[in-house]
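Student: Contents of final32.cif (mmCIF, C-alpha atoms):
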```cif
data_start
loop_
_atom_site.label_atom_id
_atom_site.label_comp_id
_atom_site.auth_asym_id
_atom_site.auth_seq_id
_atom_site.Cartn_x
_atom_site.Cartn_y
_atom_site.Cartn_z
CA MET Z 13 147.48 -92.72 144.09
CA SER Z 14 151.11 -92.00 143.31
CA ARG Z 15 152.57 -88.58 144.01
CA LEU Z 16 153.09 -88.09 140.26
CA ARG Z 17 149.39 -88.70 139.49
CA THR Z 18 148.35 -86.39 142.35
CA ASN Z 19 150.59 -83.61 141.05
CA LEU Z 20 149.20 -84.13 137.54
CA LEU Z 21 145.62 -83.86 138.88
CA TYR Z 22 146.46 -80.60 140.72
CA THR Z 23 148.08 -79.26 137.57
CA VAL Z 24 145.00 -80.08 135.47
CA VAL Z 25 142.67 -78.51 138.07
CA ALA Z 26 144.87 -75.40 138.17
CA ILE Z 27 144.88 -75.07 134.38
CA VAL Z 28 141.10 -75.48 134.17
CA ALA Z 29 140.58 -72.95 136.98
CA ALA Z 30 142.89 -70.47 135.28
CA GLY Z 31 141.03 -70.99 132.01
CA VAL Z 32 137.63 -70.41 133.64
CA GLY Z 33 138.98 -67.33 135.41
CA PHE Z 34 140.39 -65.96 132.16
CA ALA Z 35 137.11 -66.60 130.32
CA LEU Z 36 135.15 -64.82 133.09
CA ALA Z 37 137.59 -61.90 133.00
CA ILE Z 38 137.16 -61.58 129.22
CA ARG Z 39 133.37 -61.70 129.58
CA SER Z 40 133.35 -59.04 132.28
CA MET Z 41 135.38 -56.71 130.03
CA ALA Z 42 132.64 -56.72 127.38
CA PRO Z 43 129.51 -54.74 128.37
CA ALA Z 44 126.63 -56.96 129.53
CA GLY Z 45 124.14 -55.34 127.16
CA PRO Z 46 123.60 -52.21 125.11
CA GLU Z 47 123.01 -49.06 127.16
CA LYS Z 48 120.98 -47.30 124.55
CA ALA Z 49 121.41 -48.77 121.07
CA LEU Z 50 118.66 -50.70 119.38
CA VAL Z 51 120.58 -53.84 118.41
CA MET Z 52 119.18 -56.04 115.64
CA THR Z 53 118.87 -59.67 116.69
CA GLU Z 54 119.20 -60.51 112.99
CA PRO Z 55 121.25 -57.84 111.16
CA ARG Z 56 119.18 -56.60 108.24
CA ALA Z 57 120.38 -56.45 104.63
CA LEU Z 58 120.60 -52.96 103.13
CA PRO Z 59 118.64 -52.15 99.98
CA GLU Z 60 120.43 -51.58 96.69
CA PHE Z 61 121.43 -47.94 96.28
CA ALA Z 62 123.90 -45.96 94.19
CA LEU Z 63 125.57 -42.82 95.59
CA ILE Z 64 128.89 -40.98 95.15
CA ASP Z 65 131.55 -40.32 97.81
CA HIS Z 66 133.54 -37.13 98.25
CA HIS Z 67 136.37 -38.53 96.10
CA GLY Z 68 133.88 -38.97 93.26
CA GLU Z 69 133.87 -42.78 93.65
CA ALA Z 70 130.73 -44.93 93.50
CA PHE Z 71 129.28 -45.74 96.92
CA GLY Z 72 126.79 -48.59 97.38
CA PRO Z 73 126.12 -51.56 99.66
CA GLU Z 74 129.24 -53.32 98.34
CA THR Z 75 131.40 -50.39 99.49
CA LEU Z 76 130.31 -51.11 103.05
CA ARG Z 77 131.52 -54.72 103.00
CA GLY Z 78 134.51 -55.67 105.13
CA ARG Z 79 134.33 -52.82 107.66
CA TRP Z 80 132.10 -51.65 110.51
CA THR Z 81 130.57 -48.32 109.51
CA PHE Z 82 128.58 -45.65 111.32
CA LEU Z 83 126.16 -43.85 108.97
CA PHE Z 84 124.81 -40.42 109.79
CA PHE Z 85 122.38 -38.48 107.59
CA GLY Z 86 122.80 -34.72 107.52
CA PHE Z 87 123.91 -31.78 105.38
CA THR Z 88 126.59 -29.11 105.56
CA HIS Z 89 124.18 -26.15 105.84
CA CYS Z 90 123.22 -27.52 109.25
CA PRO Z 91 125.25 -25.71 111.94
CA ASP Z 92 123.84 -27.31 115.09
CA ILE Z 93 122.82 -30.99 114.99
CA CYS Z 94 125.11 -32.19 112.16
CA PRO Z 95 128.49 -30.92 113.41
CA MET Z 96 127.48 -32.07 116.88
CA ALA Z 97 126.89 -35.62 115.61
CA LEU Z 98 130.14 -35.60 113.61
CA GLN Z 99 132.09 -34.38 116.65
CA THR Z 100 130.47 -37.10 118.75
CA LEU Z 101 131.48 -39.73 116.19
CA ALA Z 102 135.04 -38.35 116.09
CA SER Z 103 135.13 -38.77 119.86
CA VAL Z 104 133.70 -42.31 119.54
CA ARG Z 105 136.54 -43.21 117.17
CA ARG Z 106 139.16 -41.85 119.60
CA GLN Z 107 137.60 -43.89 122.40
CA LEU Z 108 137.81 -47.04 120.28
CA ALA Z 109 141.44 -46.47 119.23
CA ASP Z 110 142.56 -49.45 121.36
CA LEU Z 111 140.70 -51.90 119.08
CA PRO Z 112 142.53 -53.77 116.30
CA ALA Z 113 142.56 -51.67 113.11
CA ASP Z 114 140.05 -53.94 111.32
CA GLU Z 115 137.56 -53.57 114.20
CA GLN Z 116 137.68 -49.78 114.34
CA PRO Z 117 134.60 -48.26 112.74
CA ASP Z 118 134.49 -46.03 109.68
CA VAL Z 119 132.22 -43.00 109.70
CA VAL Z 120 130.18 -41.87 106.68
CA MET Z 121 128.01 -38.76 106.56
CA ILE Z 122 125.37 -39.08 103.89
CA SER Z 123 124.16 -35.66 102.80
CA VAL Z 124 120.45 -35.44 102.05
CA ASP Z 125 121.13 -32.08 100.37
CA PRO Z 126 122.91 -32.99 97.12
CA GLY Z 127 121.87 -29.65 95.57
CA ARG Z 128 124.36 -27.82 97.79
CA ASP Z 129 126.59 -30.66 99.01
CA THR Z 130 128.67 -31.47 95.96
CA PRO Z 131 131.52 -33.97 96.35
CA ALA Z 132 133.91 -30.96 96.50
CA GLN Z 133 131.93 -29.35 99.34
CA LEU Z 134 131.75 -32.64 101.25
CA ALA Z 135 135.50 -33.22 100.69
CA THR Z 136 136.41 -30.06 102.60
CA TYR Z 137 133.66 -30.30 105.21
CA VAL Z 138 133.39 -33.90 106.44
CA PRO Z 139 137.12 -34.73 107.00
CA TYR Z 140 137.45 -31.57 109.14
CA PHE Z 141 135.97 -33.56 112.02
CA ASP Z 142 138.26 -36.58 111.48
CA PRO Z 143 140.49 -37.09 108.44
CA SER Z 144 139.13 -40.64 108.03
CA PHE Z 145 135.49 -39.51 107.69
CA LEU Z 146 133.83 -39.90 104.30
CA GLY Z 147 131.14 -37.67 102.83
CA VAL Z 148 128.61 -39.26 100.49
CA SER Z 149 125.65 -37.97 98.50
CA GLY Z 150 123.99 -38.39 95.14
CA ALA Z 151 120.73 -38.14 93.27
CA ASP Z 152 117.48 -38.29 95.23
CA GLU Z 153 116.76 -41.68 93.69
CA GLY Z 154 119.80 -43.21 95.40
CA LEU Z 155 119.15 -41.32 98.63
CA VAL Z 156 115.53 -42.44 98.80
CA ALA Z 157 116.48 -46.05 98.07
CA LEU Z 158 118.83 -46.08 101.06
CA THR Z 159 116.81 -43.93 103.47
CA SER Z 160 113.54 -45.75 102.91
CA GLY Z 161 115.32 -49.06 103.51
CA LEU Z 162 116.64 -47.76 106.85
CA GLY Z 163 113.48 -45.93 107.93
CA VAL Z 164 115.23 -42.56 107.62
CA ALA Z 165 113.03 -39.55 106.87
CA PHE Z 166 114.12 -36.33 105.20
CA SER Z 167 112.23 -33.37 103.79
CA ARG Z 168 113.26 -29.98 102.43
CA THR Z 169 111.49 -26.92 103.86
CA PRO Z 170 111.77 -23.36 102.46
CA ALA Z 171 113.45 -20.95 104.90
CA ALA Z 172 111.81 -17.71 106.05
CA ASP Z 173 113.75 -15.67 103.47
CA GLY Z 174 111.99 -17.59 100.70
CA GLU Z 175 115.29 -18.12 98.89
CA SER Z 176 117.10 -20.81 100.83
CA TYR Z 177 115.76 -23.96 102.43
CA THR Z 178 116.47 -26.20 105.35
CA VAL Z 179 116.40 -29.99 105.47
CA ASP Z 180 114.70 -31.94 108.24
CA HIS Z 181 116.24 -35.36 108.69
CA THR Z 182 116.33 -38.35 111.02
CA ALA Z 183 119.08 -37.68 113.54
CA ALA Z 184 119.78 -41.29 114.54
CA ILE Z 185 123.14 -42.93 113.83
CA PHE Z 186 123.16 -46.32 112.09
CA LEU Z 187 125.77 -49.06 112.48
CA VAL Z 188 126.39 -51.31 109.48
CA ASN Z 189 128.37 -54.53 109.98
CA PRO Z 190 131.11 -55.90 107.68
CA ASP Z 191 128.46 -57.97 105.84
CA ALA Z 192 126.85 -54.66 104.82
CA ARG Z 193 123.87 -55.35 107.12
CA LEU Z 194 122.26 -52.97 109.58
CA ALA Z 195 123.45 -54.08 113.03
CA ALA Z 196 122.26 -51.31 115.37
CA VAL Z 197 120.56 -47.91 115.58
CA PHE Z 198 121.57 -45.17 118.02
CA GLY Z 199 118.80 -42.69 118.81
CA THR Z 200 119.21 -39.13 120.10
CA PRO Z 201 120.57 -37.54 122.19
CA HIS Z 202 123.97 -38.98 121.25
CA SER Z 203 126.69 -39.56 123.83
CA ALA Z 204 130.13 -40.63 122.62
CA GLU Z 205 130.71 -42.76 125.73
CA THR Z 206 127.44 -44.67 125.27
CA ILE Z 207 127.92 -45.19 121.54
CA ALA Z 208 131.49 -46.44 122.07
CA SER Z 209 130.39 -48.80 124.83
CA ASP Z 210 127.42 -50.12 122.82
CA TYR Z 211 129.69 -50.57 119.80
CA ARG Z 212 131.97 -52.81 121.90
CA TYR Z 213 128.90 -54.82 122.90
CA VAL Z 214 127.74 -55.28 119.30
CA LEU Z 215 131.28 -56.19 118.25
CA GLY Z 216 131.49 -58.77 121.09
CA GLU Z 217 128.14 -60.31 120.14
CA SER Z 218 129.11 -60.59 116.48
CA GLY Z 219 132.34 -62.50 117.20
CA MET L 27 127.47 16.14 163.25
CA ARG L 28 125.63 17.98 160.52
CA ILE L 29 128.17 16.78 158.00
CA ALA L 30 127.74 13.19 159.16
CA LEU L 31 123.94 13.43 158.83
CA VAL L 32 124.21 14.79 155.30
CA PHE L 33 126.58 11.94 154.44
CA VAL L 34 124.12 9.35 155.76
CA LEU L 35 121.26 10.93 153.80
CA ALA L 36 123.39 10.94 150.67
CA LEU L 37 124.19 7.27 151.13
CA GLY L 38 120.50 6.50 151.58
CA ALA L 39 119.61 8.40 148.41
CA ALA L 40 122.30 6.53 146.48
CA ALA L 41 120.99 3.16 147.72
CA CYS L 42 117.42 4.07 146.70
CA GLY L 43 118.67 5.20 143.33
CA GLN L 44 120.40 1.88 142.81
CA GLN L 45 117.28 -0.09 143.60
CA THR L 46 115.28 1.61 140.90
CA ALA L 47 118.14 1.69 138.37
CA GLU L 48 117.75 -0.47 135.31
CA GLN L 49 119.65 -3.73 135.42
CA PRO L 50 120.83 -4.32 131.87
CA PRO L 51 120.57 -7.75 130.22
CA VAL L 52 123.80 -9.75 130.31
CA VAL L 53 125.17 -12.28 127.83
CA SER L 54 127.73 -14.75 129.16
CA ASP L 55 129.60 -17.87 127.98
CA ALA L 56 129.14 -16.95 124.32
CA TRP L 57 130.89 -19.23 121.85
CA ILE L 58 130.77 -20.17 118.20
CA ARG L 59 131.24 -23.72 116.99
CA GLY L 60 134.40 -23.89 114.88
CA ALA L 61 133.70 -25.08 111.35
CA PRO L 62 135.56 -26.09 108.20
CA PRO L 63 136.85 -23.18 106.08
CA THR L 64 134.18 -23.89 103.45
CA ALA L 65 131.27 -23.86 105.90
CA THR L 66 128.48 -21.50 104.85
CA VAL L 67 126.69 -21.46 108.21
CA LEU L 68 127.94 -21.62 111.78
CA ALA L 69 126.16 -21.87 115.12
CA GLY L 70 126.60 -19.62 118.15
CA TYR L 71 125.63 -20.36 121.74
CA LEU L 72 125.30 -18.23 124.88
CA ARG L 73 123.47 -17.60 128.12
CA LEU L 74 121.22 -14.55 128.26
CA ALA L 75 120.02 -13.08 131.56
CA ALA L 76 117.27 -10.54 130.89
CA GLY L 77 117.91 -8.06 133.71
CA ASN L 78 114.88 -6.28 135.20
CA GLN L 79 113.14 -5.53 131.89
CA PRO L 80 111.48 -8.10 129.63
CA LEU L 81 113.11 -8.60 126.23
CA GLN L 82 111.71 -9.27 122.78
CA LEU L 83 114.59 -10.34 120.58
CA THR L 84 114.07 -10.50 116.85
CA ARG L 85 117.53 -10.92 115.39
CA ALA L 86 121.25 -10.72 115.97
CA ARG L 87 124.36 -9.38 114.34
CA CYS L 88 127.87 -10.82 114.26
CA GLU L 89 130.87 -9.13 112.67
CA GLY L 90 132.10 -10.91 109.56
CA PHE L 91 128.77 -12.58 108.74
CA GLY L 92 126.23 -11.49 106.13
CA ALA L 93 123.28 -12.28 108.40
CA THR L 94 122.68 -13.74 111.85
CA GLU L 95 119.31 -15.15 112.88
CA ILE L 96 117.91 -16.71 116.03
CA HIS L 97 117.11 -20.36 115.31
CA ARG L 98 115.93 -23.34 117.24
CA THR L 99 116.52 -27.03 116.59
CA VAL L 100 113.33 -29.00 117.00
CA MET L 101 113.18 -32.76 117.32
CA GLN L 102 110.02 -34.65 116.46
CA ASP L 103 109.81 -38.44 116.27
CA GLY L 104 113.58 -38.63 115.89
CA VAL L 105 113.59 -36.14 113.00
CA ALA L 106 115.66 -32.99 113.58
CA GLY L 107 114.66 -29.70 111.98
CA MET L 108 115.79 -26.12 112.25
CA ARG L 109 113.34 -23.25 112.57
CA ALA L 110 113.89 -19.49 112.52
CA VAL L 111 112.63 -17.83 115.70
CA GLU L 112 110.97 -14.56 114.71
CA ARG L 113 110.52 -13.27 118.24
CA LEU L 114 112.14 -14.61 121.38
CA GLU L 115 110.45 -13.27 124.51
CA VAL L 116 112.42 -13.35 127.75
CA GLY L 117 110.69 -12.23 130.94
CA SER L 118 112.41 -9.85 133.38
CA GLY L 119 114.80 -11.78 135.61
CA ASP L 120 114.64 -14.82 133.34
CA THR L 121 117.58 -16.59 131.76
CA VAL L 122 117.62 -18.33 128.39
CA GLU L 123 120.24 -20.84 127.31
CA PHE L 124 121.29 -20.99 123.68
CA ALA L 125 122.77 -24.50 123.67
CA PRO L 126 123.51 -27.31 121.17
CA GLY L 127 120.27 -29.03 120.18
CA GLY L 128 118.10 -26.04 121.14
CA TYR L 129 118.18 -22.27 120.61
CA HIS L 130 121.21 -21.10 118.67
CA LEU L 131 122.41 -18.20 116.60
CA MET L 132 122.57 -19.10 112.93
CA LEU L 133 125.55 -17.21 111.53
CA MET L 134 125.27 -17.09 107.75
CA ARG L 135 127.41 -16.04 104.80
CA PRO L 136 130.78 -15.71 106.56
CA VAL L 137 133.25 -13.34 104.90
CA ALA L 138 135.81 -15.89 106.10
CA VAL L 139 135.16 -18.71 108.58
CA PRO L 140 136.90 -17.56 111.80
CA GLU L 141 139.58 -19.84 113.20
CA ALA L 142 139.58 -21.47 116.63
CA ASP L 143 140.09 -19.04 119.55
CA ALA L 144 139.11 -16.02 117.42
CA SER L 145 136.82 -13.43 119.07
CA VAL L 146 133.73 -12.30 117.18
CA ALA L 147 131.83 -9.13 118.15
CA CYS L 148 128.08 -9.80 118.17
CA ALA L 149 124.87 -8.24 119.44
CA LEU L 150 121.35 -9.44 120.14
CA LEU L 151 118.79 -6.98 118.75
CA SER L 152 115.14 -6.16 119.24
CA ASP L 153 112.70 -4.05 117.25
CA ASP L 154 112.63 -1.28 119.90
CA GLY L 155 116.31 -0.60 119.25
CA THR L 156 117.69 -2.52 122.20
CA GLU L 157 121.16 -3.86 121.51
CA ILE L 158 122.89 -6.33 123.78
CA PRO L 159 126.51 -6.46 122.68
CA PHE L 160 128.77 -9.40 123.50
CA VAL L 161 131.87 -11.18 122.26
CA ALA L 162 131.78 -14.85 121.24
CA VAL L 163 134.90 -17.02 121.14
CA VAL L 164 135.33 -19.67 118.44
CA ARG L 165 135.79 -23.14 119.87
CA GLY L 166 137.66 -25.70 117.79
CA ALA L 167 136.37 -29.27 117.63
CA ALA L 168 139.01 -30.52 120.10
CA ALA L 169 138.15 -27.82 122.68
CA GLU L 170 134.50 -28.73 122.56
CA ASP L 171 135.27 -32.41 122.94
CA SER L 172 137.32 -31.90 126.12
CA GLU L 173 134.60 -29.60 127.44
CA GLY L 174 132.08 -32.39 126.83
CA HIS L 175 134.20 -34.79 128.85
CA GLU L 176 134.34 -32.40 131.78
CA HIS L 177 130.55 -32.33 131.84
CA HIS L 178 130.36 -36.09 131.85
CA HIS L 179 132.83 -36.75 134.65
#
```
As structure tokens - that is how I would like this structure written.
Tutor:
Amino acid sequence: MSRLRTNLLYTVVAIVAAGVGFALAIRSMAPAGPEKALVMTEPRALPEFALIDHHGEAFGPETLRGRWTFLFFGFTHCPDICPMALQTLASVRRQLADLPADEQPDVVMISVDPGRDTPAQLATYVPYFDPSFLGVSGADEGLVALTSGLGVAFSRTPAADGESYTVDHTAAIFLVNPDARLAAVFGTPHSAETIASDYRYVLGESG
Amino acid sequence: MRIALVFVLALGAAACGQQTAEQPPVVSDAWIRGAPPTATVLAGYLRLAAGNQPLQLTRARCEGFGATEIHRTVMQDGVAGMRAVERLEVGSGDTVEFAPGGYHLMLMRPVAVPEADASVACALLSDDGTEIPFVAVVRGAAAEDSEGHEHHH
């Protein structure tokens, strides 16, 4: 074997080894599996629904195409669980700021209390937690179409004063992929670190 | 000598007096979750140590709010709900945490939503006239986030 051929062989071996090492390094950077999220093996199509965002624009399954989106169901007369979830999601977004812009998730809070959460109320409330956040609501018909498709429950209960009411609602956070399909569900209690890490896993699996 | 004896007796009497004295309930680490200017309800959190008398709390009061109630978030089968607590009983020597996802003060009808770092004078109240005054500080979203990180690491 000539010296030239030997050198060539070493070079090829070195390139292959470097490639394998690089591939292993990339794999080890992505989490091995979800910590907490329920990840769909086959992302599920969303039902048809028609709602309105806080700018007064139509919001339906088509609006969700092209971006990763976290959906949270809540209402603005909810001082404990809802702001906590929105703050967690704001923290998730900050933790994912290193991702390319098109892989960073959007966050949408869908109010199940359209009687009090008008687009104007949502417009001042939801972006407080992160200017990119979108508030969405609409008639019960549209809400029920979406919530029943996702397995989300909500019910309105009169408060003790007999005048106002409170709304019980599923507290899970839902991740919709850029094909407008349900990709993962994050149950309570929510931790920003876990959601961010599981999001990276889902993103890695989808690519 | 006589003077010294009297002094010792006086000290002893003072110590006995202290043992039987009422230890008042104490509220600590009280804070209010900062909210958008258009928020109609806010949540308050605190730690309450009952002292040496049991407590029966029925409501609360916070300056600048139309009404303040004791509420509790309940979670059943993944569904979160909020319930008014009509009577919160705290045994003598016991401590109750008002924390996110559990007991909280529901501060309603703000005259104006207080800004981050503002101090709000509040009191926990019971039907027998007991008032436990305290001051709660408004935490902005960023402050709470960094606090959360400290807990995690």
Student: Got a sec to resolve the PyMOL selection byres ((chain Z) within 10 of (chain L)) on this structure and send the residues as a CSV table (one decimal) with C-alpha atoms, in the coordinates of the input?
Tutor:
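Final file, expr-v3.csv:
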```csv
chain,number,residue,atom,x,y,z
Z,86,GLY,CA,122.8,-34.7,107.5
Z,88,THR,CA,126.6,-29.1,105.6
Z,89,HIS,CA,124.2,-26.2,105.8
Z,90,CYS,CA,123.2,-27.5,109.2
Z,91,PRO,CA,125.2,-25.7,111.9
Z,92,ASP,CA,123.8,-27.3,115.1
Z,93,ILE,CA,122.8,-31.0,115.0
Z,94,CYS,CA,125.1,-32.2,112.2
Z,95,PRO,CA,128.5,-30.9,113.4
Z,96,MET,CA,127.5,-32.1,116.9
Z,98,LEU,CA,130.1,-35.6,113.6
Z,99,GLN,CA,132.1,-34.4,116.6
Z,100,THR,CA,130.5,-37.1,118.8
Z,102,ALA,CA,135.0,-38.4,116.1
Z,103,SER,CA,135.1,-38.8,119.9
Z,132,ALA,CA,133.9,-31.0,96.5
Z,133,GLN,CA,131.9,-29.4,99.3
Z,134,LEU,CA,131.8,-32.6,101.2
Z,135,ALA,CA,135.5,-33.2,100.7
Z,136,THR,CA,136.4,-30.1,102.6
Z,137,TYR,CA,133.7,-30.3,105.2
Z,138,VAL,CA,133.4,-33.9,106.4
Z,139,PRO,CA,137.1,-34.7,107.0
Z,140,TYR,CA,137.4,-31.6,109.1
Z,141,PHE,CA,136.0,-33.6,112.0
Z,142,ASP,CA,138.3,-36.6,111.5
Z,164,VAL,CA,115.2,-42.6,107.6
Z,165,ALA,CA,113.0,-39.6,106.9
Z,166,PHE,CA,114.1,-36.3,105.2
Z,167,SER,CA,112.2,-33.4,103.8
Z,168,ARG,CA,113.3,-30.0,102.4
Z,169,THR,CA,111.5,-26.9,103.9
Z,171,ALA,CA,113.4,-21.0,104.9
Z,172,ALA,CA,111.8,-17.7,106.0
Z,173,ASP,CA,113.8,-15.7,103.5
Z,178,THR,CA,116.5,-26.2,105.4
Z,179,VAL,CA,116.4,-30.0,105.5
Z,180,ASP,CA,114.7,-31.9,108.2
Z,181,HIS,CA,116.2,-35.4,108.7
Z,182,THR,CA,116.3,-38.4,111.0
Z,183,ALA,CA,119.1,-37.7,113.5
Z,184,ALA,CA,119.8,-41.3,114.5
Z,199,GLY,CA,118.8,-42.7,118.8
Z,200,THR,CA,119.2,-39.1,120.1
Z,201,PRO,CA,120.6,-37.5,122.2
Z,203,SER,CA,126.7,-39.6,123.8
Z,204,ALA,CA,130.1,-40.6,122.6
Z,205,GLU,CA,130.7,-42.8,125.7
```
Student: Here's the selection I'm unsure about, the PyMOL selection byres ((chain L and resi 83-86) around 10); applied to the file above, which residues does it give, as a ChimeraX atom specification?
Tutor: /L:80-82,87-88,93-97,110-116,131-133,148-159
Student: One decimal, in Å: what's the spacing between atom CA of Z:Ala157 and atom CA of Z:Pro170?
Tutor: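 Distance between the two atoms: 23.6 Å.
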Student: Work out how far apart atom CA of Z:Pro73 and atom CA of Z:Leu108 are and give it in Å to one decimal.
Tutor: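 About the pair atom CA of Z:Pro73 and atom CA of Z:Leu108: they are 24.1 Å apart.
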Student: The PyMOL selection byres ((chain Z and resi 58-63) around 6) - which residues does that actually catch in the file I just gave you? List them as a VMD selection string.
Tutor: chain Z and resid 57 64 70 to 72 149 to 150 154 157 to 158 161 193
Student: Go ahead and compute the interatomic distance for atom CA of Z:Pro190 and atom CA of Z:Pro131, in Å to one decimal.
Tutor: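 Going from atom CA of Z:Pro190 over to atom CA of Z:Pro131 covers 24.7 Å.
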Student: Between Z:Leu76, Z:Val51, Z:Val156, Z:Ile185, which residue has the minimum interatomic distance to Z:His202, considering all atoms listed in the file?
Tutor: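 For Z:His202, the nearest of the given residues is Z:Ile185.
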